[in-house]
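Next comes protein-v9.cif, a file with mmCIF, C-alpha atoms.
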```cif
data_final
loop_
_atom_site.label_atom_id
_atom_site.label_comp_id
_atom_site.auth_asym_id
_atom_site.auth_seq_id
_atom_site.Cartn_x
_atom_site.Cartn_y
_atom_site.Cartn_z
CA MET K 1 13.13 -16.57 -11.39
CA SER K 2 10.06 -17.78 -9.58
CA GLY K 3 6.46 -17.01 -10.49
CA GLN K 4 6.24 -14.60 -7.58
CA PHE K 5 8.98 -12.43 -9.07
CA ILE K 6 7.34 -12.40 -12.50
CA ALA K 7 3.97 -11.48 -10.97
CA PHE K 8 5.61 -8.75 -8.91
CA PHE K 9 7.38 -7.22 -11.91
CA VAL K 10 4.25 -7.22 -14.07
CA LEU K 11 2.11 -5.72 -11.29
CA ALA K 12 4.73 -3.12 -10.35
CA LEU K 13 5.09 -2.14 -14.00
CA LEU K 14 1.30 -1.77 -14.36
CA THR K 15 1.11 0.23 -11.12
CA ILE K 16 3.84 2.71 -12.04
CA GLY K 17 2.75 2.82 -15.67
CA GLY K 18 -0.80 3.74 -14.69
CA ALA K 19 0.49 6.49 -12.40
CA VAL K 20 2.82 7.88 -15.09
CA PHE K 21 0.00 7.86 -17.64
CA MET K 22 -2.18 9.63 -15.06
CA ILE K 23 0.37 12.42 -14.89
CA SER K 24 0.94 12.67 -18.65
CA PHE K 25 -2.61 12.41 -20.07
CA HIS K 26 -4.37 15.64 -20.96
CA ARG K 27 -8.04 14.71 -20.68
CA VAL K 28 -9.24 14.27 -17.11
CA VAL K 29 -11.46 11.26 -17.89
CA HIS K 30 -8.46 9.38 -19.29
CA MET K 31 -6.54 10.16 -16.10
CA VAL K 32 -9.23 8.50 -13.98
CA VAL K 33 -9.20 5.38 -16.17
CA ALA K 34 -5.39 5.16 -15.94
CA LEU K 35 -5.58 5.51 -12.17
CA ALA K 36 -8.19 2.71 -12.00
CA PHE K 37 -5.55 0.42 -13.55
CA THR K 38 -3.09 1.51 -10.86
CA PHE K 39 -5.59 0.73 -8.10
CA LEU K 40 -6.29 -2.73 -9.56
CA SER K 41 -2.57 -3.53 -9.80
CA ILE K 42 -2.03 -2.44 -6.20
CA ALA K 43 -4.74 -4.96 -5.23
CA GLY K 44 -2.65 -7.58 -7.03
CA LEU K 45 0.40 -6.53 -5.01
CA TYR K 46 -1.65 -6.96 -1.82
CA ILE K 47 -2.48 -10.53 -2.85
CA LEU K 48 1.27 -11.14 -3.36
CA LEU K 49 1.75 -9.86 0.21
CA GLU K 50 -0.87 -12.38 1.46
CA ALA K 51 -3.37 -9.67 2.42
CA GLU K 52 -6.42 -11.00 0.59
CA PHE K 53 -9.01 -9.06 2.57
CA VAL K 54 -7.22 -5.74 2.03
CA ALA K 55 -6.96 -6.58 -1.67
CA MET K 56 -10.71 -7.15 -1.93
CA THR K 57 -11.38 -3.92 -0.01
CA GLN K 58 -9.01 -2.10 -2.36
CA ILE K 59 -10.91 -3.35 -5.42
CA LEU K 60 -14.31 -2.52 -3.89
CA VAL K 61 -13.44 0.91 -2.49
CA TYR K 62 -10.83 2.27 -4.91
CA SER K 63 -11.47 0.66 -8.29
CA GLY K 64 -15.20 0.63 -7.66
CA ALA K 65 -16.29 3.52 -5.51
CA ILE K 66 -13.61 6.19 -5.75
CA SER K 67 -13.07 5.91 -9.53
CA VAL K 68 -16.83 6.19 -10.14
CA LEU K 69 -17.07 9.04 -7.61
CA MET K 70 -14.31 10.94 -9.41
CA LEU K 71 -16.02 10.32 -12.77
CA PHE K 72 -19.23 11.73 -11.26
CA GLY K 73 -17.27 14.73 -10.02
CA ILE K 74 -15.88 15.34 -13.51
CA MET K 75 -19.24 14.89 -15.23
CA LEU K 76 -20.99 17.19 -12.75
CA THR K 77 -18.46 19.97 -13.14
CA ARG K 78 -16.85 20.21 -16.55
CA HIS K 79 -16.96 16.96 -18.48
CA ASP K 80 -14.71 18.17 -21.29
CA ALA K 81 -12.09 19.31 -18.80
CA SER K 82 -8.48 18.95 -19.82
CA GLU K 83 -5.19 20.06 -18.40
CA VAL K 84 -4.01 23.03 -20.41
CA GLN K 85 -0.34 23.04 -21.19
CA GLU K 86 0.97 26.09 -19.38
CA LYS K 87 4.30 27.71 -19.96
CA LYS K 88 7.42 26.53 -18.24
CA SER K 89 7.37 28.31 -14.91
CA PRO K 90 10.19 28.43 -12.38
CA VAL K 91 7.84 27.14 -9.69
CA LYS K 92 7.31 23.90 -11.65
CA TRP K 93 11.07 23.33 -11.86
CA LEU K 94 11.37 24.04 -8.15
CA ILE K 95 8.70 21.39 -7.44
CA ARG K 96 10.50 18.91 -9.73
CA ILE K 97 13.80 19.45 -7.91
CA GLY K 98 12.09 19.18 -4.51
CA VAL K 99 10.37 15.90 -5.40
CA SER K 100 13.63 14.49 -6.82
CA VAL K 101 15.54 15.40 -3.65
CA PHE K 102 12.78 13.78 -1.57
CA PHE K 103 12.98 10.64 -3.73
CA ILE K 104 16.76 10.36 -3.38
CA ILE K 105 16.75 10.89 0.40
CA VAL K 106 14.01 8.29 1.02
CA PHE K 107 15.61 5.85 -1.45
CA LEU K 108 18.95 6.04 0.38
CA GLY K 109 17.05 5.58 3.65
CA ILE K 110 15.34 2.43 2.35
CA GLN K 111 18.62 0.98 1.10
CA SER K 112 20.49 1.61 4.33
CA VAL K 113 18.05 -0.20 6.63
CA GLN K 114 18.67 -3.86 7.44
CA TRP K 115 15.27 -5.52 7.15
CA SER K 116 14.43 -8.80 8.83
CA ASP K 117 14.87 -11.86 6.65
CA LYS K 118 12.07 -13.85 8.30
CA PRO K 119 8.79 -12.77 6.71
CA ALA K 120 5.57 -13.54 8.54
CA ASP K 121 3.54 -16.39 7.16
CA PHE K 122 -0.11 -15.37 6.93
CA THR K 123 -1.10 -18.37 4.82
CA ALA K 124 -1.36 -20.68 7.84
CA LYS K 125 -4.40 -18.90 9.26
CA ASP K 126 -7.60 -17.55 7.77
CA ASN K 127 -6.78 -13.94 6.84
CA VAL K 128 -10.35 -12.63 7.15
CA LYS K 129 -10.86 -14.35 10.50
CA GLU K 130 -7.58 -12.97 11.87
CA ILE K 131 -8.50 -9.43 10.82
CA GLY K 132 -11.98 -9.82 12.28
CA VAL K 133 -10.66 -11.08 15.63
CA GLN K 134 -8.12 -8.25 15.86
CA MET K 135 -10.66 -5.66 14.73
CA PHE K 136 -13.15 -6.56 17.47
CA THR K 137 -10.66 -7.05 20.31
CA ASN K 138 -7.61 -4.76 20.06
CA TYR K 139 -8.99 -2.21 17.62
CA VAL K 140 -12.64 -1.98 18.64
CA ILE K 141 -12.47 1.68 19.70
CA PRO K 142 -10.82 2.87 16.44
CA PHE K 143 -13.39 0.76 14.59
CA GLU K 144 -16.26 2.59 16.29
CA MET K 145 -14.56 5.95 15.72
CA VAL K 146 -14.27 5.17 12.02
CA SER K 147 -18.00 4.41 11.87
CA VAL K 148 -18.71 7.84 13.42
CA LEU K 149 -16.28 9.44 10.95
CA LEU K 150 -18.04 7.81 8.01
CA LEU K 151 -21.42 9.02 9.28
CA VAL K 152 -20.11 12.58 9.69
CA ALA K 153 -18.52 12.50 6.22
CA LEU K 154 -21.79 11.20 4.70
CA VAL K 155 -23.92 13.91 6.32
CA GLY K 156 -21.31 16.60 5.62
CA ALA K 157 -20.98 15.68 1.94
CA ILE K 158 -24.76 15.75 1.46
CA ILE K 159 -25.13 19.12 3.21
CA LEU K 160 -22.20 20.66 1.32
CA ALA K 161 -23.47 19.55 -2.06
CA LYS K 162 -27.15 20.26 -1.36
CA LYS K 163 -27.12 23.69 0.27
CA GLU K 164 -26.45 25.63 -2.91
CA ALA K 165 -29.22 23.86 -4.78
CA GLU K 166 -31.86 25.23 -2.40
CA GLU K 167 -30.80 28.82 -2.99
CA GLU K 168 -31.28 28.64 -6.74
CA MET Z 169 12.94 -16.99 -1.85
CA SER Z 170 10.38 -14.23 -1.93
CA VAL Z 171 10.41 -10.70 -3.31
CA PRO Z 172 12.48 -8.50 -0.94
CA ILE Z 173 10.72 -5.72 0.93
CA ASN Z 174 12.95 -3.11 -0.75
CA SER Z 175 11.14 -3.65 -4.06
CA TYR Z 176 7.73 -3.02 -2.51
CA LEU Z 177 9.02 0.07 -0.72
CA LEU Z 178 10.56 1.34 -3.97
CA VAL Z 179 7.27 0.92 -5.88
CA ALA Z 180 5.45 2.74 -3.07
CA LEU Z 181 8.08 5.52 -3.08
CA ILE Z 182 7.72 6.03 -6.85
CA LEU Z 183 3.93 6.15 -6.49
CA PHE Z 184 4.21 8.66 -3.65
CA CYS Z 185 6.56 10.91 -5.64
CA ILE Z 186 4.28 10.84 -8.70
CA GLY Z 187 1.30 11.66 -6.47
CA LEU Z 188 3.21 14.49 -4.78
CA TYR Z 189 4.25 15.95 -8.12
CA GLY Z 190 0.69 15.72 -9.47
CA ALA Z 191 -0.84 17.27 -6.36
CA LEU Z 192 1.56 20.22 -6.52
CA THR Z 193 1.51 20.94 -10.28
CA LYS Z 194 -1.91 19.98 -11.68
CA ARG Z 195 -4.47 22.75 -11.99
CA ASN Z 196 -7.70 20.72 -12.16
CA ALA Z 197 -9.03 20.12 -8.64
CA VAL Z 198 -10.31 16.60 -9.48
CA VAL Z 199 -6.82 15.61 -10.59
CA VAL Z 200 -5.36 17.02 -7.38
CA LEU Z 201 -7.79 14.85 -5.38
CA LEU Z 202 -6.78 11.83 -7.49
CA SER Z 203 -3.09 12.52 -6.79
CA ILE Z 204 -3.79 12.64 -3.06
CA GLU Z 205 -5.52 9.24 -3.37
CA LEU Z 206 -2.39 7.95 -5.12
CA MET Z 207 -0.21 9.10 -2.22
CA LEU Z 208 -2.54 7.42 0.29
CA ASN Z 209 -2.33 4.22 -1.77
CA ALA Z 210 1.45 4.31 -1.61
CA VAL Z 211 1.27 4.53 2.18
CA ASN Z 212 -1.18 1.60 2.26
CA LEU Z 213 1.24 -0.48 0.20
CA ASN Z 214 4.00 0.33 2.70
CA LEU Z 215 1.80 -0.67 5.64
CA VAL Z 216 0.85 -4.01 4.10
CA ALA Z 217 4.48 -4.70 3.16
CA PHE Z 218 5.61 -3.97 6.72
CA ALA Z 219 2.88 -6.30 8.04
CA LYS Z 220 4.62 -9.17 6.25
CA TYR Z 221 8.32 -8.22 6.00
CA GLY Z 222 8.83 -5.65 8.77
CA LEU Z 223 11.06 -6.07 11.78
CA PHE Z 224 8.05 -7.06 13.90
CA PRO Z 225 5.66 -8.67 11.44
CA HIS Z 226 2.08 -8.59 12.64
CA ILE Z 227 -1.36 -8.41 11.06
CA SER Z 228 -2.03 -4.95 12.53
CA GLY Z 229 -0.38 -3.40 9.45
CA GLN Z 230 -3.25 -4.72 7.35
CA ILE Z 231 -5.77 -3.35 9.85
CA PHE Z 232 -4.09 0.08 9.73
CA SER Z 233 -4.35 0.06 5.95
CA LEU Z 234 -8.07 -0.79 6.20
CA PHE Z 235 -8.56 2.27 8.41
CA THR Z 236 -6.57 4.40 5.95
CA ILE Z 237 -8.76 3.22 3.07
CA THR Z 238 -11.86 4.24 5.06
CA VAL Z 239 -10.50 7.70 5.86
CA ALA Z 240 -9.41 8.15 2.22
CA ALA Z 241 -12.91 7.32 1.00
CA ALA Z 242 -14.45 9.83 3.41
CA GLU Z 243 -11.91 12.44 2.32
CA ALA Z 244 -12.69 11.89 -1.36
CA ALA Z 245 -16.44 12.22 -0.75
CA VAL Z 246 -16.12 15.47 1.24
CA GLY Z 247 -13.54 16.85 -1.19
CA LEU Z 248 -15.83 16.26 -4.17
CA ALA Z 249 -18.78 17.81 -2.31
CA ILE Z 250 -16.71 20.95 -1.66
CA LEU Z 251 -15.64 20.91 -5.31
CA ILE Z 252 -19.21 20.73 -6.62
CA SER Z 253 -20.31 23.47 -4.25
CA LEU Z 254 -17.42 25.66 -5.43
CA TYR Z 255 -18.26 24.94 -9.06
CA ARG Z 256 -21.85 26.10 -8.50
CA ASN Z 257 -20.66 29.36 -6.91
CA ARG Z 258 -17.58 30.23 -8.95
CA ASN Z 259 -18.07 28.18 -12.14
CA THR Z 260 -14.50 26.90 -12.11
CA VAL Z 261 -12.61 23.74 -11.17
CA GLN Z 262 -9.11 25.17 -11.62
CA VAL Z 263 -7.15 25.32 -8.39
CA ASP Z 264 -5.40 28.60 -9.19
CA GLU Z 265 -8.74 30.35 -9.74
CA MET Z 266 -9.96 29.41 -6.25
CA ASP Z 267 -8.53 32.52 -4.61
CA LEU Z 268 -11.51 33.81 -2.61
CA MET Z 269 -9.43 34.29 0.52
CA LYS Z 270 -6.60 36.12 -1.28
CA ARG Z 271 -8.70 39.09 -2.38
#
```

What would you get if you wrote out this structure as structure tokens?
Amino acid sequence: MSGQFIAFFVLALLTIGGAVFMISFHRVVHMVVALAFTFLSIAGLYILLEAEFVAMTQILVYSGAISVLMLFGIMLTRHDASEVQEKKSPVKWLIRIGVSVFFIIVFLGIQSVQWSDKPADFTAKDNVKEIGVQMFTNYVIPFEMVSVLLLVALVGAIILAKKEAEEE
Amino acid sequence: MSVPINSYLLVALILFCIGLYGALTKRNAVVVLLSIELMLNAVNLNLVAFAKYGLFPHISGQIFSLFTITVAAAEAAVGLAILISLYRNRNTVQVDEMDLMKR
């Protein structure tokens, strides 16, 4: 039982636990806090997978930006919002069965594949430098497209949220 | 001896199923957006795991996940903007009350 296994089990438990709490909490604000724990634990899993830069991006973007953005969304709409407990509907059971079948099929698929037993070793090189070199040689066109996408999303979000305020 | 890739894929699969269930059953639109983020996170975890343990391990898996994170952030921003605009017009955040196109 190496330290890597222990770290993996703790982080996986925190990840799944946060997600389960997200589903089972009733108040929406509590759900966001539970999901922030999940995002942080996923960053820990990235560090276990030797992807330090992705882990830092995960903490900055998800735990920082998206959690706060969702909290803003809740506070700007209905800050006392909570999931009302509706009656047992047949549609809900149908969704449960569908998700379970999906889980079983993908689980059997994962188990039946023979994965390679030689993992890549990213510790030899500087992770950030490797990503930077790849990003500006092989992936420079997607990189520029993503910058355009972010600009469009920024302008679009401002226009969508602002237009109604002018009419009041 | 390192953690096998199956464990990472299993964690990602559980996350994806929880996100799918939440996106399909929850009524609050903010929670639906959060569930979609959870599903995107599960995919990111798969990509990073494949970058290290896949059949052809390469760093491009990490770069793909960086792009996914960017697109997810843009999606969350636009989704919340639509949500706030809808709340101003209809005064609701419940998904099943957003039925303008059904009438």

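Look at Leu223 of chain Z: the protein and nucleic acid residues within 12 Å of it, using only C-alpha atoms and passing over chain neighbours fewer than 3 places away, are Val113, Gln114, Trp115, Ser116, Asp117, Lys118, Pro119 and Ala120 of chain K; Ile173, Ala217, Phe218, Ala219, Lys220, His226 and Gly229 of chain Z.
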
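Among K:Leu60, K:Ile16, K:Val140, K:Val29, the residue with the shortest atom-to-atom distance to chain Z, counting only C-alpha atoms, is K:Ile16.
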
Quiz item: Near Asn259 of chain Z, within 10 Å and counting only C-alpha atoms, which residues show up once chain neighbours fewer than 6 positions away are dropped, as a ChimeraX atom specification?
Solution: /K:77-78 /Z:252-253,265

Going by the chain IDs and residue numbers used in this file, which residues fall under the PyMOL selection byres ((chain Z and resi 189-196) around 8)? Write them as a PDB file with C-alpha atoms, in the frame of the given file.
```pdb
ATOM      1  CA  ILE K  23       0.370  12.420 -14.890  1.00  0.00           C
ATOM      2  CA  SER K  82      -8.480  18.950 -19.820  1.00  0.00           C
ATOM      3  CA  GLU K  83      -5.190  20.060 -18.400  1.00  0.00           C
ATOM      4  CA  LYS K  92       7.310  23.900 -11.650  1.00  0.00           C
ATOM      5  CA  ILE K  95       8.700  21.390  -7.440  1.00  0.00           C
ATOM      6  CA  ARG K  96      10.500  18.910  -9.730  1.00  0.00           C
ATOM      7  CA  VAL K  99      10.370  15.900  -5.400  1.00  0.00           C
TER       8      VAL K  99
ATOM      9  CA  CYS Z 185       6.560  10.910  -5.640  1.00  0.00           C
ATOM     10  CA  ILE Z 186       4.280  10.840  -8.700  1.00  0.00           C
ATOM     11  CA  GLY Z 187       1.300  11.660  -6.470  1.00  0.00           C
ATOM     12  CA  LEU Z 188       3.210  14.490  -4.780  1.00  0.00           C
ATOM     13  CA  ALA Z 197      -9.030  20.120  -8.640  1.00  0.00           C
ATOM     14  CA  VAL Z 198     -10.310  16.600  -9.480  1.00  0.00           C
ATOM     15  CA  VAL Z 199      -6.820  15.610 -10.590  1.00  0.00           C
ATOM     16  CA  VAL Z 200      -5.360  17.020  -7.380  1.00  0.00           C
ATOM     17  CA  LEU Z 201      -7.790  14.850  -5.380  1.00  0.00           C
ATOM     18  CA  SER Z 203      -3.090  12.520  -6.790  1.00  0.00           C
ATOM     19  CA  ILE Z 204      -3.790  12.640  -3.060  1.00  0.00           C
ATOM     20  CA  VAL Z 261     -12.610  23.740 -11.170  1.00  0.00           C
ATOM     21  CA  GLN Z 262      -9.110  25.170 -11.620  1.00  0.00           C
ATOM     22  CA  VAL Z 263      -7.150  25.320  -8.390  1.00  0.00           C
ATOM     23  CA  ASP Z 264      -5.400  28.600  -9.190  1.00  0.00           C
TER      24      ASP Z 264
END
```

Practice problem: Give me, please, the distance in Å between atom CA of Gly247 of chain Z and atom CA of Phe39 of chain K, quoted to one decimal. | Solution: 19.3 Å

Exercise. State, in Å with one decimal place, the distance from atom CA of Phe103 of chain K to atom CA of Ser41 of chain K.
Key: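 Taking atom CA of Phe103 of chain K as the start and atom CA of Ser41 of chain K as the end point, the length is 21.9 Å.
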
Quiz prompt | Selection result for the PyMOL selection byres ((chain Z and resi 233) around 10) on this file, as a PyMOL selection string | solution = (chain K and resi 54+58) or (chain Z and resi 208-209+211-216+219+228-232+234-239)

To test your reading of the syntax: which residues would the PyMOL selection byres ((chain Z and resi 181) around 8) return for the file shown? Reply as an mmCIF file with C-alpha atoms, in the frame of the given file.
```cif
data_model
loop_
_atom_site.group_PDB
_atom_site.id
_atom_site.type_symbol
_atom_site.label_atom_id
_atom_site.label_comp_id
_atom_site.auth_asym_id
_atom_site.auth_seq_id
_atom_site.Cartn_x
_atom_site.Cartn_y
_atom_site.Cartn_z
ATOM 1 C CA PHE K 103 12.980 10.640 -3.730
ATOM 2 C CA VAL K 106 14.010 8.290 1.020
ATOM 3 C CA PHE K 107 15.610 5.850 -1.450
ATOM 4 C CA LEU Z 177 9.020 0.070 -0.720
ATOM 5 C CA LEU Z 178 10.560 1.340 -3.970
ATOM 6 C CA VAL Z 179 7.270 0.920 -5.880
ATOM 7 C CA ALA Z 180 5.450 2.740 -3.070
ATOM 8 C CA ILE Z 182 7.720 6.030 -6.850
ATOM 9 C CA LEU Z 183 3.930 6.150 -6.490
ATOM 10 C CA PHE Z 184 4.210 8.660 -3.650
ATOM 11 C CA CYS Z 185 6.560 10.910 -5.640
ATOM 12 C CA ALA Z 210 1.450 4.310 -1.610
#
```

Self-check item: Nearby residues (all atoms listed in the file) at most 10 Å from segment 122-126 of chain K, same-chain spacing under 6 positions excluded, as a PyMOL selection string
Solution: (chain K and resi 49-52+132) or (chain Z and resi 219-220+225-227)

Quiz prompt | Nearby residues (only C-alpha atoms) at most 12 Å from Ala7 of chain K, same-chain spacing under 2 positions excluded, as a PyMOL selection string | solution = (chain K and resi 1-5+9-14+41-42+44-49) or (chain Z and resi 170-171)

For the residues in the current selection, export C-alpha atoms as a tab-separated table (two decimals), keeping the file's coordinate frame.
```tsv
chain	number	residue	atom	x	y	z
K	1	MET	CA	13.13	-16.57	-11.39
K	2	SER	CA	10.06	-17.78	-9.58
K	3	GLY	CA	6.46	-17.01	-10.49
K	4	GLN	CA	6.24	-14.60	-7.58
K	5	PHE	CA	8.98	-12.43	-9.07
K	9	PHE	CA	7.38	-7.22	-11.91
K	10	VAL	CA	4.25	-7.22	-14.07
K	11	LEU	CA	2.11	-5.72	-11.29
K	12	ALA	CA	4.73	-3.12	-10.35
K	13	LEU	CA	5.09	-2.14	-14.00
K	14	LEU	CA	1.30	-1.77	-14.36
K	41	SER	CA	-2.57	-3.53	-9.80
K	42	ILE	CA	-2.03	-2.44	-6.20
K	44	GLY	CA	-2.65	-7.58	-7.03
K	45	LEU	CA	0.40	-6.53	-5.01
K	46	TYR	CA	-1.65	-6.96	-1.82
K	47	ILE	CA	-2.48	-10.53	-2.85
K	48	LEU	CA	1.27	-11.14	-3.36
K	49	LEU	CA	1.75	-9.86	0.21
Z	170	SER	CA	10.38	-14.23	-1.93
Z	171	VAL	CA	10.41	-10.70	-3.31
```

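Note that atom CA of Val152 of chain K and atom CA of Thr137 of chain K are 24.2 Å apart.
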
Quiz item: Neighbours of Ala157 of chain K within 9 Å (all atoms listed in the file; same-chain residues fewer than 6 positions away dropped), as a PyMOL selection string?
Solution: chain Z and resi 242+245-250

Quiz item: Taking all atoms listed in the file into account, which of K:Ile66, K:Ser89, K:Phe136, K:Ile97 comes nearest chain Z?
Solution: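 Once distances to chain Z are computed over all atoms listed in the file, the minimum belongs to K:Ile66.
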
Quiz item: Between Z:Met207, Z:Asn174, Z:Leu268, Z:Arg258, which has the minimum distance to chain K (counting only C-alpha atoms)?
Solution: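 Ranked by minimum distance to chain K, first place goes to Z:Asn174.
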
Quiz prompt | Distance criterion (all atoms listed in the file): nearest to chain K out of Z:Leu202, Z:Asn257, Z:Tyr176, Z:Tyr221 | solution = Z:Tyr221
